[in-house]
Amino acid sequence: MKITRKDVLVAIITNVVLLLGIHMTGAGQDSPPLSSAQIIEILSSPDRTTADRTNDLRRKPEQMLGFIGIRPGIVALDLSAAGGYTTELLARSIGPTGKVYGQSRPRDPNQVPPSASVPEGNTRPNLAPVATPAAPRPSPLALADREARLHEAGISAAPIVALSRPFEDPVPSDLASEQIDLVTLMFNYHDLGHLGVDRAAMNRAVFRALKPGGLYVIADHAGRPGTGISESGTLHRIEEAFLRQEVEAAGFKLAEEGKFLRNPNDPRDKNTPDPPQPKDEFVLKFVRP
């Protein structure tokens, strides 16, 4: 077959374009973490709801996103996404070149949904709680609403994809092997105890789904030494050392501890501390080697 000069030029141009595409993709994955100023700008967006802004007072999202080292363009999974507070923050921070998945456990049709009136995780009990319905909305509906509001407001956010899957198998097969950059689990690991979840299976699934170097960030309400996960359904707490041991058993390495939600004055013997004070909470960042 005769190769013309035009064929050679086309081949050269095609290769250059492919190389540039590969380079741009890599640059997106290796982009620097958002600066504090960028995070503040995201949190100050006027379209954010009053409920989320009230949640900010106890969740400290500026410090949380900075601790995570959130980067544009990554793929993230928010385990136990619930109403989607964290899921939306991830979507806003990651931007349209990435993607965010929000996982929730499929509801048992034979089980009555829990009431939202219980002040679980009330880390600022002196603040008036935000009005909520008697029973929380299914997570996929809440995430769909957040996705729609972001779109309507013209926010340049990552698409949010709801996943209704068991904790032990939280992602579909196309994401199950080294496809995710970040997994978060905010203030709900303790619940896995009284829900009867196979936490070892879940942590192994998260390990497999994360890329090497991927992060697994867990925040929860601190329990007293020796209590393990035994007070998950009463005080909604978990012993930090116990959680760390379970996660590391899946192969993770502890990379960093966040101190910005700690309160050494909390005796950790009640769900809502008395006298009113912030609940002692820990934040742990694990890495897949």
# chains A, B, ... in the order shown; residues from 1 in each chain; ligands from 1
call {"tool": "select_by_dssp", "arguments": {"residues": "region 123-247 of chain A", "states": "helix (DSSP H, G or I)", "output": "VMD selection string"}}
result
chain A and resid 139 to 152 173 to 175 191 to 194 199 to 209 240 to 247
call {"tool": "select_by_dssp", "arguments": {"residues": "region 171-264 of chain A", "states": "strand (DSSP E)", "output": "list in words"}}
result
Ile180, Asp181, Leu182, Val183, Thr184, Leu185, Met186, Leu210, Lys211, Pro212, Gly213, Gly214, Leu215, Tyr216, Val217, Ile218, Ala219, Asp220, His221, Lys253, Leu254, Ala255, Glu256, Glu257 and Gly258 of chain A
call {"tool": "residues_around", "arguments": {"residues": "Ala255 (chain A)", "least_positions_apart": "3", "cutoff": "10 Å", "atoms": "only C-alpha atoms", "output": "list in words"}}
result
Leu215, Tyr216, Val217, Phe252, Leu284, Lys285, Phe286, Val287 and Arg288 of chain A
call {"tool": "residues_around", "arguments": {"residues": "Ser230 (chain A)", "least_positions_apart": "2", "cutoff": "12 Å", "atoms": "only C-alpha atoms", "output": "mmCIF file with C-alpha atoms, in the first residue's frame"}}
result
data_model
loop_
_atom_site.group_PDB
_atom_site.id
_atom_site.type_symbol
_atom_site.label_atom_id
_atom_site.label_comp_id
_atom_site.auth_asym_id
_atom_site.auth_seq_id
_atom_site.Cartn_x
_atom_site.Cartn_y
_atom_site.Cartn_z
ATOM 1 C CA HIS A 190 -20.656 3.685 64.302
ATOM 2 C CA ASP A 191 -24.161 2.999 62.915
ATOM 3 C CA LEU A 192 -22.812 -0.001 61.036
ATOM 4 C CA GLY A 193 -22.578 -1.747 64.400
ATOM 5 C CA HIS A 194 -26.249 -1.752 65.359
ATOM 6 C CA LEU A 195 -27.255 -2.170 61.681
ATOM 7 C CA GLY A 196 -25.418 -5.508 61.584
ATOM 8 C CA GLY A 223 -16.314 6.797 72.438
ATOM 9 C CA ARG A 224 -14.466 5.950 75.642
ATOM 10 C CA PRO A 225 -11.534 3.532 75.660
ATOM 11 C CA GLY A 226 -12.620 -0.089 75.750
ATOM 12 C CA THR A 227 -16.171 0.516 74.468
ATOM 13 C CA GLY A 228 -15.414 -0.486 70.863
ATOM 14 C CA SER A 232 -23.350 2.582 68.522
ATOM 15 C CA GLY A 233 -27.105 2.374 68.994
ATOM 16 C CA THR A 234 -27.292 4.259 72.315
ATOM 17 C CA LEU A 235 -24.678 7.003 72.540
ATOM 18 C CA HIS A 236 -23.949 6.935 68.787
ATOM 19 C CA ARG A 237 -20.229 6.719 69.476
ATOM 20 C CA ILE A 238 -17.315 4.470 68.549
ATOM 21 C CA GLU A 239 -13.889 4.038 70.076
ATOM 22 C CA PHE A 242 -11.286 0.222 67.517
ATOM 23 C CA LEU A 243 -12.274 1.878 64.234
#
call {"tool": "atom_distance", "arguments": {"atom1": "CA of Tyr101 (chain A)", "atom2": "CA of Ile229 (chain A)"}}
result
26.7 Å
call {"tool": "closest_residue", "arguments": {"among": "A:Pro140, A:Gly66, A:Gly154, A:Pro273", "to": "Ser93 (chain A)", "atoms": "only C-alpha atoms"}}
result
A:Gly66
call {"tool": "residues_around", "arguments": {"residues": "region 277-282 of chain A", "least_positions_apart": "3", "cutoff": "12 Å", "atoms": "only C-alpha atoms", "output": "PyMOL selection string"}}
result
chain A and resi 57-60+64+119-127+186-190+217-224+235-241+243-244+256-274+285
call {"tool": "closest_atom_pairs", "arguments": {"of": "region 81-107 of chain A", "to": "region 26-45 of chain A", "cutoff": "12 Å", "atoms": "only C-alpha atoms", "output": "Markdown table"}}
result
| residue | atom | partner | partner_atom | distance |
| --- | --- | --- | --- | --- |
| A:Tyr85 | CA | A:Leu43 | CA | 11.8 |
| A:Thr86 | CA | A:Leu43 | CA | 11.9 |
| A:Glu88 | CA | A:Leu43 | CA | 10.8 |
| A:Leu89 | CA | A:Leu43 | CA | 8.1 |
| A:Leu90 | CA | A:Ile42 | CA | 10.3 |
| A:Ala91 | CA | A:Ile42 | CA | 10.4 |
| A:Arg92 | CA | A:Ile42 | CA | 6.8 |
| A:Ser93 | CA | A:Ile42 | CA | 7.1 |
| A:Ile94 | CA | A:Leu34 | CA | 9.1 |
| A:Gly95 | CA | A:Ile42 | CA | 10.6 |
| A:Pro96 | CA | A:Gly28 | CA | 11.3 |
| A:Thr97 | CA | A:Gly28 | CA | 7.9 |
| A:Gly98 | CA | A:Gly28 | CA | 8.9 |
call {"tool": "closest_residue", "arguments": {"among": "A:Ser104, A:Ala250, A:Asp56, A:Gly73", "to": "Pro159 (chain A)", "atoms": "only C-alpha atoms"}}
result
A:Gly73
call {"tool": "closest_residue", "arguments": {"among": "A:Val75, A:Ala209, A:Ala157, A:Ala200", "to": "Leu175 (chain A)", "atoms": "only C-alpha atoms"}}
result
A:Ala209
